[in-house]
file protein-v6.cif (mmCIF, C-alpha atoms)
data_my_file
#
loop_
_atom_site.label_atom_id
_atom_site.label_comp_id
_atom_site.auth_asym_id
_atom_site.auth_seq_id
_atom_site.Cartn_x
_atom_site.Cartn_y
_atom_site.Cartn_z
CA MET A 1 6.60 34.45 33.69
CA THR A 2 7.78 37.27 35.97
CA SER A 3 10.48 37.30 38.59
CA ALA A 4 12.11 39.72 40.96
CA PRO A 5 14.66 42.16 39.46
CA THR A 6 18.11 40.63 39.20
CA ALA A 7 21.55 42.12 39.49
CA MET A 8 23.17 43.75 36.48
CA THR A 9 24.83 40.51 35.49
CA GLU A 10 23.31 37.18 34.57
CA THR A 11 26.52 35.24 35.27
CA ASP A 12 25.89 32.49 37.82
CA THR A 13 27.53 32.93 41.20
CA GLU A 14 26.76 29.44 42.47
CA VAL A 15 27.15 25.94 41.10
CA LEU A 16 23.78 24.40 40.26
CA ARG A 17 23.17 20.72 39.63
CA ASP A 18 20.17 18.54 38.79
CA ALA A 19 19.65 14.91 37.81
CA LEU A 20 21.27 15.60 34.42
CA GLY A 21 24.44 17.06 35.95
CA LEU A 22 25.91 20.53 36.29
CA LEU A 23 23.98 23.40 34.76
CA LYS A 24 25.90 25.62 32.36
CA ASP A 25 26.37 29.31 33.01
CA ARG A 26 23.33 31.17 31.70
CA GLU A 27 25.35 33.83 29.90
CA GLN A 28 27.65 31.31 28.25
CA VAL A 29 24.66 29.39 26.91
CA ALA A 30 23.14 32.59 25.54
CA GLU A 31 26.40 33.68 23.90
CA ARG A 32 26.67 30.35 22.08
CA LEU A 33 23.07 30.61 20.92
CA LEU A 34 23.61 34.17 19.72
CA ASP A 35 26.64 33.02 17.74
CA SER A 36 24.62 30.18 16.19
CA SER A 37 21.81 32.62 15.35
CA ALA A 38 24.25 34.89 13.54
CA LYS A 39 25.47 31.96 11.41
CA HIS A 40 22.25 30.00 10.83
CA SER A 41 19.23 32.30 10.54
CA PHE A 42 17.01 32.64 7.49
CA ASP A 43 14.66 35.15 5.90
CA PRO A 44 11.82 32.97 4.56
CA ASP A 45 10.65 35.73 2.20
CA THR A 46 13.90 35.50 0.22
CA GLU A 47 15.10 31.98 1.13
CA LEU A 48 12.06 30.19 -0.31
CA ASP A 49 10.64 30.28 -3.84
CA TRP A 50 7.09 31.36 -3.12
CA ASP A 51 6.33 31.90 -6.81
CA ALA A 52 7.04 28.32 -7.86
CA PRO A 53 3.86 26.38 -8.66
CA LEU A 54 2.68 23.57 -6.41
CA GLU A 55 3.70 20.11 -7.65
CA ASP A 56 1.05 17.72 -8.92
CA GLY A 57 0.61 14.48 -7.02
CA LYS A 58 2.62 15.50 -3.95
CA TRP A 59 1.61 15.49 -0.31
CA PHE A 60 1.54 18.52 1.98
CA TRP A 61 2.46 16.37 4.99
CA PRO A 62 3.91 12.84 5.11
CA PRO A 63 0.96 10.44 4.90
CA GLU A 64 2.11 8.52 7.99
CA LEU A 65 1.70 11.74 10.01
CA VAL A 66 -1.81 12.51 8.75
CA SER A 67 -4.26 11.90 11.59
CA LEU A 68 -6.44 9.30 9.82
CA TYR A 69 -3.55 7.26 8.41
CA ASP A 70 -4.11 3.48 8.62
CA THR A 71 -7.69 3.78 9.88
CA PRO A 72 -10.67 2.07 8.16
CA LEU A 73 -11.80 5.47 6.90
CA TRP A 74 -8.35 6.20 5.43
CA ARG A 75 -8.39 2.94 3.51
CA LYS A 76 -11.70 3.91 1.89
CA MET A 77 -10.41 7.29 0.73
CA SER A 78 -8.99 7.88 -2.75
CA LEU A 79 -5.36 8.98 -3.06
CA GLU A 80 -6.55 12.43 -4.12
CA GLN A 81 -8.75 12.71 -1.04
CA GLN A 82 -5.91 11.55 1.22
CA GLN A 83 -3.56 14.14 -0.25
CA ASP A 84 -6.19 16.83 0.07
CA LEU A 85 -6.59 15.93 3.75
CA SER A 86 -2.82 16.33 4.12
CA ARG A 87 -3.16 19.82 2.62
CA HIS A 88 -5.80 20.82 5.14
CA GLU A 89 -3.96 19.23 8.06
CA ALA A 90 -0.74 21.06 7.09
CA ALA A 91 -2.73 24.31 7.15
CA ALA A 92 -4.28 23.41 10.50
CA LEU A 93 -0.88 22.61 12.02
CA ALA A 94 0.56 25.85 10.67
CA SER A 95 -2.40 27.70 12.21
CA LEU A 96 -1.75 25.94 15.51
CA GLY A 97 1.91 26.89 15.23
CA ILE A 98 1.08 30.58 14.78
CA TRP A 99 -1.28 30.50 17.78
CA PHE A 100 1.38 28.85 19.90
CA GLU A 101 4.20 31.15 18.80
CA ILE A 102 2.15 34.25 19.61
CA ILE A 103 1.71 32.83 23.12
CA LEU A 104 5.43 32.03 23.32
CA MET A 105 6.43 35.55 22.33
CA GLN A 106 4.29 36.97 25.13
CA LEU A 107 5.84 34.56 27.65
CA LEU A 108 9.35 35.48 26.56
CA VAL A 109 8.65 39.19 26.90
CA ARG A 110 7.35 38.59 30.43
CA HIS A 111 10.42 36.50 31.24
CA ILE A 112 12.90 39.24 30.33
CA TYR A 113 10.89 42.19 31.72
CA ASP A 114 12.87 42.27 34.99
CA LYS A 115 16.16 41.01 33.60
CA PRO A 116 19.27 43.10 32.78
CA VAL A 117 18.74 44.54 29.31
CA THR A 118 22.41 44.25 28.34
CA SER A 119 22.74 40.57 29.28
CA ALA A 120 23.27 37.93 26.61
CA HIS A 121 20.31 36.05 28.10
CA VAL A 122 17.97 38.94 27.26
CA ARG A 123 19.59 39.56 23.87
CA TYR A 124 19.03 35.94 22.92
CA ALA A 125 15.39 36.07 24.08
CA LEU A 126 14.87 39.09 21.81
CA THR A 127 16.58 37.19 18.99
CA GLU A 128 14.22 34.26 19.53
CA ILE A 129 11.21 36.58 19.49
CA ALA A 130 12.40 37.90 16.12
CA ASP A 131 12.71 34.29 14.90
CA GLU A 132 9.17 33.54 16.02
CA CYS A 133 7.84 36.61 14.25
CA ARG A 134 9.38 35.36 10.99
CA HIS A 135 8.09 31.84 11.61
CA SER A 136 4.53 33.05 12.16
CA LYS A 137 4.60 35.05 8.94
CA MET A 138 6.15 32.09 7.12
CA PHE A 139 3.43 29.71 8.33
CA ALA A 140 0.72 32.16 7.30
CA ARG A 141 2.23 32.45 3.84
CA MET A 142 2.43 28.65 3.55
CA ILE A 143 -1.27 28.36 4.39
CA GLN A 144 -2.12 30.87 1.67
CA LYS A 145 0.16 29.12 -0.82
CA GLY A 146 -1.58 25.80 -0.26
CA GLY A 147 -5.01 27.31 -0.79
CA ALA A 148 -6.54 25.86 2.38
CA PRO A 149 -8.21 28.07 5.01
CA ALA A 150 -6.61 28.95 8.31
CA TYR A 151 -7.86 26.83 11.22
CA PRO A 152 -8.09 28.72 14.52
CA VAL A 153 -8.22 26.69 17.72
CA SER A 154 -11.57 26.36 19.46
CA ARG A 155 -12.90 29.28 21.45
CA LEU A 156 -12.50 27.22 24.64
CA ASN A 157 -8.83 26.42 24.00
CA HIS A 158 -8.20 30.02 22.95
CA SER A 159 -9.63 31.20 26.29
CA LEU A 160 -7.82 28.51 28.31
CA ALA A 161 -4.53 29.60 26.75
CA ARG A 162 -5.26 33.22 27.66
CA VAL A 163 -5.63 32.18 31.29
CA LEU A 164 -2.62 29.86 31.19
CA LYS A 165 -0.23 32.47 29.80
CA THR A 166 -1.51 35.05 32.30
CA VAL A 167 -0.97 32.97 35.43
CA SER A 168 1.94 30.82 34.27
CA THR A 169 5.04 30.64 36.42
CA THR A 170 8.47 30.99 34.84
CA PRO A 171 9.21 27.22 34.86
CA GLY A 172 5.63 26.54 33.77
CA SER A 173 6.08 28.82 30.79
CA PHE A 174 9.25 27.07 29.66
CA ALA A 175 7.67 23.64 30.13
CA CYS A 176 4.76 24.72 27.91
CA THR A 177 7.22 26.19 25.41
CA LEU A 178 8.89 22.81 25.04
CA LEU A 179 5.52 21.07 24.72
CA GLY A 180 4.64 23.19 21.71
CA GLU A 181 8.07 23.07 20.11
CA GLU A 182 9.32 19.53 20.46
CA ILE A 183 6.39 17.49 19.08
CA LEU A 184 6.08 19.65 15.97
CA ASP A 185 9.86 19.61 15.63
CA TRP A 186 9.86 15.80 15.62
CA MET A 187 7.25 15.77 12.84
CA GLN A 188 9.06 18.41 10.82
CA ARG A 189 12.33 16.49 10.99
CA LEU A 190 10.51 13.69 9.19
CA THR A 191 8.96 16.12 6.71
CA PHE A 192 11.75 18.27 5.28
CA PRO A 193 13.80 15.38 3.79
CA ASP A 194 10.69 13.59 2.43
CA GLU A 195 10.64 13.93 -1.36
CA ARG A 196 6.96 12.92 -1.48
CA VAL A 197 6.10 16.28 0.11
CA GLN A 198 5.62 19.63 -1.65
CA SER A 199 8.91 21.55 -1.95
CA ILE A 200 7.52 24.68 -0.32
CA VAL A 201 6.42 22.69 2.74
CA ARG A 202 9.82 21.00 2.94
CA GLY A 203 11.52 24.40 2.76
CA VAL A 204 9.35 25.83 5.52
CA THR A 205 9.96 22.86 7.82
CA ARG A 206 13.71 22.90 7.14
CA ILE A 207 14.00 26.54 8.25
CA HIS A 208 11.85 25.89 11.29
CA VAL A 209 13.85 22.84 12.38
CA VAL A 210 17.20 24.66 12.14
CA GLU A 211 16.04 27.69 14.11
CA GLU A 212 13.88 25.82 16.63
CA ALA A 213 16.87 23.74 17.73
CA ARG A 214 18.23 26.90 19.40
CA HIS A 215 14.87 27.69 20.98
CA VAL A 216 14.65 24.20 22.47
CA ARG A 217 18.16 24.50 23.92
CA TYR A 218 17.34 27.87 25.51
CA ALA A 219 14.08 26.59 27.02
CA ARG A 220 15.59 23.33 28.29
CA GLU A 221 18.50 25.07 30.00
CA GLU A 222 16.23 27.62 31.64
CA LEU A 223 13.66 25.04 32.74
CA ARG A 224 16.41 22.97 34.36
CA ARG A 225 17.59 26.08 36.23
CA GLN A 226 14.08 26.99 37.34
CA MET A 227 13.28 23.49 38.61
CA VAL A 228 16.39 23.69 40.81
CA THR A 229 15.92 27.24 42.11
CA ALA A 230 12.13 27.81 42.19
CA PRO A 231 10.24 27.44 45.47
CA ARG A 232 8.39 24.19 46.10
CA TRP A 233 4.92 25.65 45.40
CA GLU A 234 6.09 26.94 42.03
CA ARG A 235 7.55 23.60 41.04
CA GLU A 236 4.30 21.86 41.97
CA LEU A 237 2.21 24.39 40.06
CA THR A 238 4.50 23.84 37.07
CA ARG A 239 3.80 20.11 37.16
CA ILE A 240 0.04 20.69 37.15
CA SER A 241 -0.01 23.54 34.60
CA SER A 242 2.22 21.66 32.15
CA GLY A 243 0.01 18.58 32.47
CA GLU A 244 -3.09 20.65 31.74
CA ALA A 245 -1.29 22.31 28.82
CA ALA A 246 -0.45 18.83 27.46
CA ARG A 247 -4.12 17.88 27.65
CA VAL A 248 -5.22 21.06 25.82
CA PHE A 249 -2.45 20.78 23.23
CA SER A 250 -3.18 17.14 22.41
CA VAL A 251 -6.84 18.02 21.76
CA ALA A 252 -5.96 21.11 19.71
CA PHE A 253 -3.39 19.22 17.63
CA VAL A 254 -6.03 17.94 15.22
CA ASN A 255 -8.67 20.42 14.14
CA PRO A 256 -11.81 18.37 13.34
CA ASP A 257 -12.96 20.95 10.78
CA VAL A 258 -10.41 19.51 8.32
CA TYR A 259 -12.50 16.36 7.86
CA ALA A 260 -15.60 18.19 6.66
CA GLN A 261 -13.43 20.12 4.19
CA VAL A 262 -12.59 16.90 2.34
CA GLY A 263 -16.12 15.46 2.45
CA LEU A 264 -15.80 13.20 5.49
CA ASP A 265 -18.18 12.79 8.40
CA ARG A 266 -16.55 14.81 11.16
CA ARG A 267 -17.85 12.71 14.06
CA GLU A 268 -16.82 9.40 12.47
CA ALA A 269 -13.36 10.75 11.59
CA VAL A 270 -12.73 12.04 15.11
CA ALA A 271 -13.81 8.71 16.60
CA GLN A 272 -11.45 6.77 14.33
CA VAL A 273 -8.52 9.05 15.13
CA ARG A 274 -9.14 8.56 18.86
CA ALA A 275 -9.25 4.78 18.38
CA SER A 276 -6.16 4.67 16.16
CA GLY A 277 -3.19 2.85 17.62
CA HIS A 278 -0.99 4.29 14.87
CA ARG A 279 -1.97 7.85 15.77
CA ARG A 280 -1.35 7.19 19.46
CA GLU A 281 2.12 5.90 18.66
CA VAL A 282 2.86 8.91 16.44
CA MET A 283 1.94 11.37 19.20
CA GLN A 284 3.79 9.46 21.91
CA SER A 285 6.86 9.09 19.69
CA GLY A 286 6.79 12.82 18.99
CA ALA A 287 6.60 13.57 22.71
CA ARG A 288 8.98 10.86 23.95
CA ARG A 289 12.19 12.89 23.94
CA LEU A 290 10.40 15.67 25.81
CA THR A 291 8.66 13.47 28.36
CA GLU A 292 11.91 11.65 29.14
CA PHE A 293 13.58 15.02 29.76
CA LEU A 294 10.71 16.32 31.90
CA ASP A 295 10.70 13.10 33.90
CA GLU A 296 14.43 13.37 34.59
CA ILE A 297 14.22 16.94 35.90
CA GLY A 298 11.20 16.29 38.12
CA VAL A 299 8.27 17.75 36.17
CA LEU A 300 6.33 14.51 35.64
CA ARG A 301 5.26 13.81 39.20
CA GLY A 302 1.97 13.46 41.08
CA MET A 303 -1.10 15.09 39.56
CA GLY A 304 1.02 16.50 36.73
CA ARG A 305 2.01 13.01 35.61
CA ARG A 306 -1.60 11.86 35.68
CA LEU A 307 -2.61 14.82 33.51
CA TRP A 308 0.16 14.00 31.03
CA ARG A 309 -1.09 10.41 30.85
CA SER A 310 -4.65 11.57 30.26
CA SER A 311 -3.41 13.72 27.35
CA GLY A 312 -2.28 10.58 25.53
CA LEU A 313 1.24 11.98 25.08
CA LEU A 314 2.76 9.87 27.87
CA ALA A 315 2.56 6.09 27.60
#

call {"tool": "encode", "arguments": {"input": "protein-v6.cif", "output": "structure tokens"}}
result
Amino acid sequence: MTSAPTAMTETDTEVLRDALGLLKDREQVAERLLDSSAKHSFDPDTELDWDAPLEDGKWFWPPELVSLYDTPLWRKMSLEQQQDLSRHEAAALASLGIWFEIILMQLLVRHIYDKPVTSAHVRYALTEIADECRHSKMFARMIQKGGAPAYPVSRLNHSLARVLKTVSTTPGSFACTLLGEEILDWMQRLTFPDERVQSIVRGVTRIHVVEEARHVRYAREELRRQMVTAPRWERELTRISSGEAARVFSVAFVNPDVYAQVGLDRREAVAQVRASGHRREVMQSGARRLTEFLDEIGVLRGMGRRLWRSSGLLA
């Protein structure tokens, strides 16, 4: 996510336009995001009641968002087993979130390495990195509170991500950022108002939704700019790398180890999730706002589009 050194101002000197219209000045966007950060940021350690006991009979994730929901296996499970699966899947998603946010922080640091240190664009990136540090600690604390283990991604996906974040272009990095942020954000927007769900989980998702809205805006604006200004080879590489990232992410989204933790046959559970029309609709609904945006700005073309389709996130 590197680029050539820029001048000592980040203010745009030319009018840029894409399929969505005129792009806003980079510094003006950053200033607005900095102002929002000052007004709407949270310290999870003090904002949430970590000492309150867990509530009996409540879910850790809305049942409709649990991977096995509405499958034959789900219908055979007791309510207690279903809720326990939601506990493990919430821990697995939080583990995935930490993994992803550590990658994101590295990409952001690379992005600003050659940028003017006094610009609002860099100051906001540093603010977002601080947000992501708090989020990662918050997710880890939520996992511990729920009593489930952490669920690291597979060694293969861990290694693929190491390669991806090393070779990623600037637009590729922001496309992958949105991939990780927007699907989870869609799920969390359904979670935090759901009174069936544990209060601590609702509190965690509420904080994350409020602060991630700024991160999504920053990434969208920068990706639009990059897809207009980047050379052709970089745009094409972005299409392919984001499609491959979508394929990896869709596989990593459900950690199959959760099924064994609740006494299910792992192979049978994985097969039923893959065959589930409900699960396919959940994932495509979660990705729809993102894929529509990526399509409009020219990311979903050629081989990249085929990779997105193979991920199951694009209908």

call {"tool": "atom_distance", "arguments": {"input": "protein-v6.cif", "atom1": "atom CA of A:Arg32", "atom2": "atom CA of A:Asp131"}}
result
16.2 Å

call {"tool": "closest_residue", "arguments": {"input": "protein-v6.cif", "among": "A:Leu264, A:Ser310, A:Ile102, A:Val270", "to": "A:Ser78", "atoms": "all atoms listed in the file"}}
result
A:Leu264

call {"tool": "atom_distance", "arguments": {"input": "protein-v6.cif", "atom1": "atom CA of A:Ala246", "atom2": "atom CA of A:Gly180"}}
result
8.8 Å

call {"tool": "closest_residue", "arguments": {"input": "protein-v6.cif", "among": "A:Gln261, A:Gly304, A:Ile200, A:Glu234", "to": "A:Pro53", "atoms": "all atoms listed in the file"}}
result
A:Ile200

call {"tool": "resolve_selection", "arguments": {"input": "protein-v6.cif", "expression": "the PyMOL selection byres ((chain A and resi 19) around 12)", "output": "list in words"}}
result
Leu16, Arg17, Asp18, Leu20, Gly21, Leu22, Leu23, Arg224, Arg225, Met227, Val228, Phe293, Leu294, Asp295, Glu296, Ile297, Gly298 and Val299 of chain A

call {"tool": "write_last_selection", "arguments": {"input": "protein-v6.cif", "atoms": "C-alpha atoms", "output": "PDB file, in the frame of the given file"}}
result
ATOM      1  CA  LEU A  16      23.780  24.400  40.260  1.00  0.00           C
ATOM      2  CA  ARG A  17      23.170  20.720  39.630  1.00  0.00           C
ATOM      3  CA  ASP A  18      20.170  18.540  38.790  1.00  0.00           C
ATOM      4  CA  LEU A  20      21.270  15.600  34.420  1.00  0.00           C
ATOM      5  CA  GLY A  21      24.440  17.060  35.950  1.00  0.00           C
ATOM      6  CA  LEU A  22      25.910  20.530  36.290  1.00  0.00           C
ATOM      7  CA  LEU A  23      23.980  23.400  34.760  1.00  0.00           C
ATOM      8  CA  ARG A 224      16.410  22.970  34.360  1.00  0.00           C
ATOM      9  CA  ARG A 225      17.590  26.080  36.230  1.00  0.00           C
ATOM     10  CA  MET A 227      13.280  23.490  38.610  1.00  0.00           C
ATOM     11  CA  VAL A 228      16.390  23.690  40.810  1.00  0.00           C
ATOM     12  CA  PHE A 293      13.580  15.020  29.760  1.00  0.00           C
ATOM     13  CA  LEU A 294      10.710  16.320  31.900  1.00  0.00           C
ATOM     14  CA  ASP A 295      10.700  13.100  33.900  1.00  0.00           C
ATOM     15  CA  GLU A 296      14.430  13.370  34.590  1.00  0.00           C
ATOM     16  CA  ILE A 297      14.220  16.940  35.900  1.00  0.00           C
ATOM     17  CA  GLY A 298      11.200  16.290  38.120  1.00  0.00           C
ATOM     18  CA  VAL A 299       8.270  17.750  36.170  1.00  0.00           C
TER      19      VAL A 299
END

call {"tool": "axis_aligned_box", "arguments": {"input": "protein-v6.cif", "around": "stretch 120-129 of chain A", "padding_each_side": "8 Å", "output": "AutoDock Vina command-line options"}}
result
--center_x 17.2 --center_y 36.9 --center_z 23.5 --size_x 28.1 --size_y 21.3 --size_z 25.1

call {"tool": "residues_around", "arguments": {"input": "protein-v6.cif", "residues": "A:His121", "least_positions_apart": "5", "cutoff": "9 Å", "atoms": "all atoms listed in the file", "output": "PyMOL selection string"}}
result
chain A and resi 10+26-31+112+115-116+126

call {"tool": "closest_residue", "arguments": {"input": "protein-v6.cif", "among": "A:Ala91, A:Ala230, A:Val197, A:Ala219", "to": "A:Ala150", "atoms": "all atoms listed in the file"}}
result
A:Ala91

call {"tool": "residues_around", "arguments": {"input": "protein-v6.cif", "residues": "stretch 83-87 of chain A", "least_positions_apart": "4", "cutoff": "12 Å", "atoms": "only C-alpha atoms", "output": "MDAnalysis selection string"}}
result
chainID A and resid 54:69 74 77:79 91:94 142:150 196:198 201 254:264 269

call {"tool": "closest_residue", "arguments": {"input": "protein-v6.cif", "among": "A:Ser95, A:Thr177, A:Ser241, A:Ser168", "to": "A:Tyr218", "atoms": "all atoms listed in the file"}}
result
A:Thr177

call {"tool": "atom_distance", "arguments": {"input": "protein-v6.cif", "atom1": "atom CA of A:Ser285", "atom2": "atom CA of A:Leu179"}}
result
13.1 Å

call {"tool": "resolve_selection", "arguments": {"input": "protein-v6.cif", "expression": "the PyMOL selection byres ((chain A and resi 128) around 10)", "output": "PyMOL selection string"}}
result
chain A and resi 33-34+37+104-105+108+122-127+129-134+211-212+214-215+218

call {"tool": "resolve_selection", "arguments": {"input": "protein-v6.cif", "expression": "the PyMOL selection byres ((chain A and resi 313) around 6)", "output": "PyMOL selection string"}}
result
chain A and resi 283-284+311-312+314

call {"tool": "closest_residue", "arguments": {"input": "protein-v6.cif", "among": "A:Arg206, A:Arg247, A:His278, A:Arg305", "to": "A:Glu47", "atoms": "all atoms listed in the file"}}
result
A:Arg206

call {"tool": "closest_residue", "arguments": {"input": "protein-v6.cif", "among": "A:Arg217, A:His40, A:Arg301, A:Arg189", "to": "A:Lys24", "atoms": "all atoms listed in the file"}}
result
A:Arg217

call {"tool": "residues_around", "arguments": {"input": "protein-v6.cif", "residues": "A:Thr169", "least_positions_apart": "2", "cutoff": "12 Å", "atoms": "all atoms listed in the file", "output": "PyMOL selection string"}}
result
chain A and resi 1-3+107-108+110-111+163-167+171-176+223+226-227+230-231+233-242
